[in-house]
file coords.pdb (PDB, C-alpha atoms)
ATOM      1  CA  MET A 350      27.347   7.897  62.936
ATOM      2  CA  LYS A 351      24.620   9.334  60.706
ATOM      3  CA  LYS A 352      21.984   7.201  62.436
ATOM      4  CA  ILE A 353      23.097   8.462  65.860
ATOM      5  CA  ILE A 354      22.872  12.105  64.758
ATOM      6  CA  GLN A 355      19.393  11.556  63.303
ATOM      7  CA  THR A 356      18.221   9.858  66.492
ATOM      8  CA  VAL A 357      19.652  12.641  68.669
ATOM      9  CA  PHE A 358      17.951  15.374  66.618
ATOM     10  CA  LEU A 359      14.610  13.538  66.619
ATOM     11  CA  GLY A 360      14.921  12.977  70.367
ATOM     12  CA  LEU A 361      15.779  16.614  71.086
ATOM     13  CA  SER A 362      12.843  17.834  69.040
ATOM     14  CA  ALA A 363      10.504  15.468  70.901
ATOM     15  CA  ILE A 364      11.853  16.742  74.230
ATOM     16  CA  TRP A 365      11.359  20.361  73.114
ATOM     17  CA  LEU A 366       7.759  19.654  72.106
ATOM     18  CA  SER A 367       7.150  17.876  75.435
ATOM     19  CA  LEU A 368       8.449  20.938  77.292
ATOM     20  CA  THR A 369       5.983  23.034  75.306
ATOM     21  CA  TRP A 370       3.154  20.800  76.507
ATOM     22  CA  LEU A 371       4.293  21.288  80.094
ATOM     23  CA  TRP A 372       4.407  25.052  79.576
ATOM     24  CA  ILE A 373       0.835  25.076  78.202
ATOM     25  CA  ALA A 374      -0.258  23.066  81.263
ATOM     26  CA  ASN A 375       1.075  25.976  83.429
ATOM     27  CA  ILE A 376       4.102  24.088  84.688
ATOM     28  CA  PRO A 377       6.834  26.764  84.755
ATOM     29  CA  VAL A 378       9.453  25.172  82.521
ATOM     30  CA  PHE A 379      10.465  28.108  80.349
ATOM     31  CA  SER A 380      10.261  30.729  83.069
ATOM     32  CA  TYR A 381      13.324  29.200  84.718
ATOM     33  CA  LEU A 382      15.208  29.337  81.443
ATOM     34  CA  PHE A 383      14.005  32.394  79.520
ATOM     35  CA  ALA A 384      12.223  34.785  81.907
ATOM     36  CA  ASP A 385      13.336  38.268  82.804
ATOM     37  CA  SER A 386      13.831  39.501  86.372
ATOM     38  CA  ASP A 387      10.065  39.851  86.900
ATOM     39  CA  GLY A 388       9.400  36.296  85.735
ATOM     40  CA  ASN A 389       7.577  37.357  82.564
ATOM     41  CA  LEU A 390       8.163  35.897  79.157
ATOM     42  CA  GLY A 391       8.281  38.365  76.304
ATOM     43  CA  LEU A 392       5.931  38.369  73.342
ATOM     44  CA  LEU A 393       8.851  37.814  70.976
ATOM     45  CA  PHE A 394       9.792  34.640  72.865
ATOM     46  CA  ILE A 395       6.236  33.319  72.656
ATOM     47  CA  LEU A 396       6.027  34.036  68.918
ATOM     48  CA  CYS A 397       9.399  32.367  68.349
ATOM     49  CA  LEU A 398       8.250  29.429  70.454
ATOM     50  CA  PHE A 399       5.213  28.793  68.259
ATOM     51  CA  ILE A 400       7.172  29.344  65.039
ATOM     52  CA  LEU A 401       9.880  26.959  66.262
ATOM     53  CA  ASN A 402       7.282  24.380  67.265
ATOM     54  CA  LEU A 403       5.596  24.626  63.882
ATOM     55  CA  LEU A 404       8.938  24.281  62.099
ATOM     56  CA  ILE A 405      10.003  21.298  64.236
ATOM     57  CA  THR A 406       6.645  19.619  63.699
ATOM     58  CA  VAL A 407       6.664  20.045  59.917
ATOM     59  CA  VAL A 408      10.286  18.970  59.421
ATOM     60  CA  SER A 409       9.972  16.013  61.790
ATOM     61  CA  CYS A 410       6.714  14.834  60.217
ATOM     62  CA  ILE A 411       8.161  15.017  56.714
ATOM     63  CA  TYR A 412      11.300  13.161  57.786
ATOM     64  CA  THR A 413       9.478  10.409  59.686
ATOM     65  CA  TYR A 414       6.952  10.003  56.855
ATOM     66  CA  ASN A 415       9.708   9.613  54.246
ATOM     67  CA  LYS A 416      11.582   7.098  56.421
ATOM     68  CA  LYS A 417       8.300   5.319  57.267
ATOM     69  CA  TYR A 418       8.755   5.704  61.042
ATOM     70  CA  TRP A 419       5.033   5.566  61.744
ATOM     71  CA  TRP A 420       5.408   5.696  65.533
ATOM     72  CA  GLY A 421       7.486   8.837  65.182
ATOM     73  CA  LEU A 422       5.010  10.431  62.804
ATOM     74  CA  VAL A 423       2.137   9.913  65.230
ATOM     75  CA  ALA A 424       4.264  11.154  68.146
ATOM     76  CA  TYR A 425       5.197  14.365  66.331
ATOM     77  CA  LEU A 426       1.637  14.972  65.185
ATOM     78  CA  VAL A 427       0.371  14.669  68.764
ATOM     79  CA  LEU A 428       3.248  16.514  70.442
ATOM     80  CA  GLY A 429       3.612  19.224  67.820
ATOM     81  CA  GLY A 430       0.084  19.710  66.620
ATOM     82  CA  GLY A 431      -1.530  19.435  70.028
ATOM     83  CA  PRO A 432      -0.157  22.653  71.568
ATOM     84  CA  ILE A 433      -0.980  24.611  68.432
ATOM     85  CA  ILE A 434      -4.567  23.355  68.448
ATOM     86  CA  ALA A 435      -4.880  23.854  72.226
ATOM     87  CA  ALA A 436      -3.590  27.420  71.997
ATOM     88  CA  TYR A 437      -5.975  28.157  69.115
ATOM     89  CA  TYR A 438      -9.009  26.869  71.006
ATOM     90  CA  ALA A 439      -7.947  28.614  74.215
ATOM     91  CA  ARG A 440      -7.680  31.887  72.325
ATOM     92  CA  PHE A 441     -10.907  31.704  70.298
ATOM     93  CA  SER A 442     -13.320  29.849  72.566
TER      94      SER A 442
END
call {"tool": "encode", "arguments": {"input": "coords.pdb", "output": "C-alpha cells"}}
result
Amino acid sequence: MKKIIQTVFLGLSAIWLSLTWLWIANIPVFSYLFADSDGNLGLLFILCLFILNLLITVVSCIYTYNKKYWWGLVAYLVLGGGPIIAAYYARFS
C-alpha cells in the first residue's frame, strides 16, 4: 500500500509539472480551472504556482535521489527546473 501511495504522489506531481509546461507554452490549461470571469489569472495564483512548482521539484528530487530512482530524478529536474529557468530567461532577456 505504501508503494502505491508513493507512486500516486510522484505521478500527480509529474502531471502538475507537465501542466505547468503546457501553460508556459500558451496552451490554456489553468485558465479553464482557475480563471475569473474575464479569463485572467491573478498574480497570487501565479506566485503560488511557482512556489508550488519549486516545492514539488525540491521534494521530488530529494525523494528520488534518496531512493536512487535516477529516471525520476532526471524527469523532475527537467519538468520542474525547466519552467523556472524558462520564466527567468523570458523575464530578463
call {"tool": "residues_around", "arguments": {"input": "coords.pdb", "residues": "region 423-429 of chain A", "least_positions_apart": "2", "cutoff": "10 Å", "atoms": "all atoms listed in the file", "output": "PyMOL selection string"}}
result
chain A and resi 359+362-370+399+402-410+413-414+418-421+431-434
call {"tool": "write_last_selection", "arguments": {"input": "coords.pdb", "atoms": "C-alpha atoms", "output": "PDB file, in the frame of the given file"}}
result
ATOM      1  CA  LEU A 359      14.610  13.538  66.619  1.00  0.00           C
ATOM      2  CA  SER A 362      12.843  17.834  69.040  1.00  0.00           C
ATOM      3  CA  ALA A 363      10.504  15.468  70.901  1.00  0.00           C
ATOM      4  CA  ILE A 364      11.853  16.742  74.230  1.00  0.00           C
ATOM      5  CA  TRP A 365      11.359  20.361  73.114  1.00  0.00           C
ATOM      6  CA  LEU A 366       7.759  19.654  72.106  1.00  0.00           C
ATOM      7  CA  SER A 367       7.150  17.876  75.435  1.00  0.00           C
ATOM      8  CA  LEU A 368       8.449  20.938  77.292  1.00  0.00           C
ATOM      9  CA  THR A 369       5.983  23.034  75.306  1.00  0.00           C
ATOM     10  CA  TRP A 370       3.154  20.800  76.507  1.00  0.00           C
ATOM     11  CA  PHE A 399       5.213  28.793  68.259  1.00  0.00           C
ATOM     12  CA  ASN A 402       7.282  24.380  67.265  1.00  0.00           C
ATOM     13  CA  LEU A 403       5.596  24.626  63.882  1.00  0.00           C
ATOM     14  CA  LEU A 404       8.938  24.281  62.099  1.00  0.00           C
ATOM     15  CA  ILE A 405      10.003  21.298  64.236  1.00  0.00           C
ATOM     16  CA  THR A 406       6.645  19.619  63.699  1.00  0.00           C
ATOM     17  CA  VAL A 407       6.664  20.045  59.917  1.00  0.00           C
ATOM     18  CA  VAL A 408      10.286  18.970  59.421  1.00  0.00           C
ATOM     19  CA  SER A 409       9.972  16.013  61.790  1.00  0.00           C
ATOM     20  CA  CYS A 410       6.714  14.834  60.217  1.00  0.00           C
ATOM     21  CA  THR A 413       9.478  10.409  59.686  1.00  0.00           C
ATOM     22  CA  TYR A 414       6.952  10.003  56.855  1.00  0.00           C
ATOM     23  CA  TYR A 418       8.755   5.704  61.042  1.00  0.00           C
ATOM     24  CA  TRP A 419       5.033   5.566  61.744  1.00  0.00           C
ATOM     25  CA  TRP A 420       5.408   5.696  65.533  1.00  0.00           C
ATOM     26  CA  GLY A 421       7.486   8.837  65.182  1.00  0.00           C
ATOM     27  CA  GLY A 431      -1.530  19.435  70.028  1.00  0.00           C
ATOM     28  CA  PRO A 432      -0.157  22.653  71.568  1.00  0.00           C
ATOM     29  CA  ILE A 433      -0.980  24.611  68.432  1.00  0.00           C
ATOM     30  CA  ILE A 434      -4.567  23.355  68.448  1.00  0.00           C
TER      31      ILE A 434
END
call {"tool": "atom_distance", "arguments": {"input": "coords.pdb", "atom1": "CA of Leu422 (chain A)", "atom2": "CA of Leu396 (chain A)"}}
result
24.4 Å
call {"tool": "atom_distance", "arguments": {"input": "coords.pdb", "atom1": "CA of Gln355 (chain A)", "atom2": "CA of Ala435 (chain A)"}}
result
28.6 Å
call {"tool": "atom_distance", "arguments": {"input": "coords.pdb", "atom1": "CA of Leu401 (chain A)", "atom2": "CA of Gly430 (chain A)"}}
result
12.2 Å
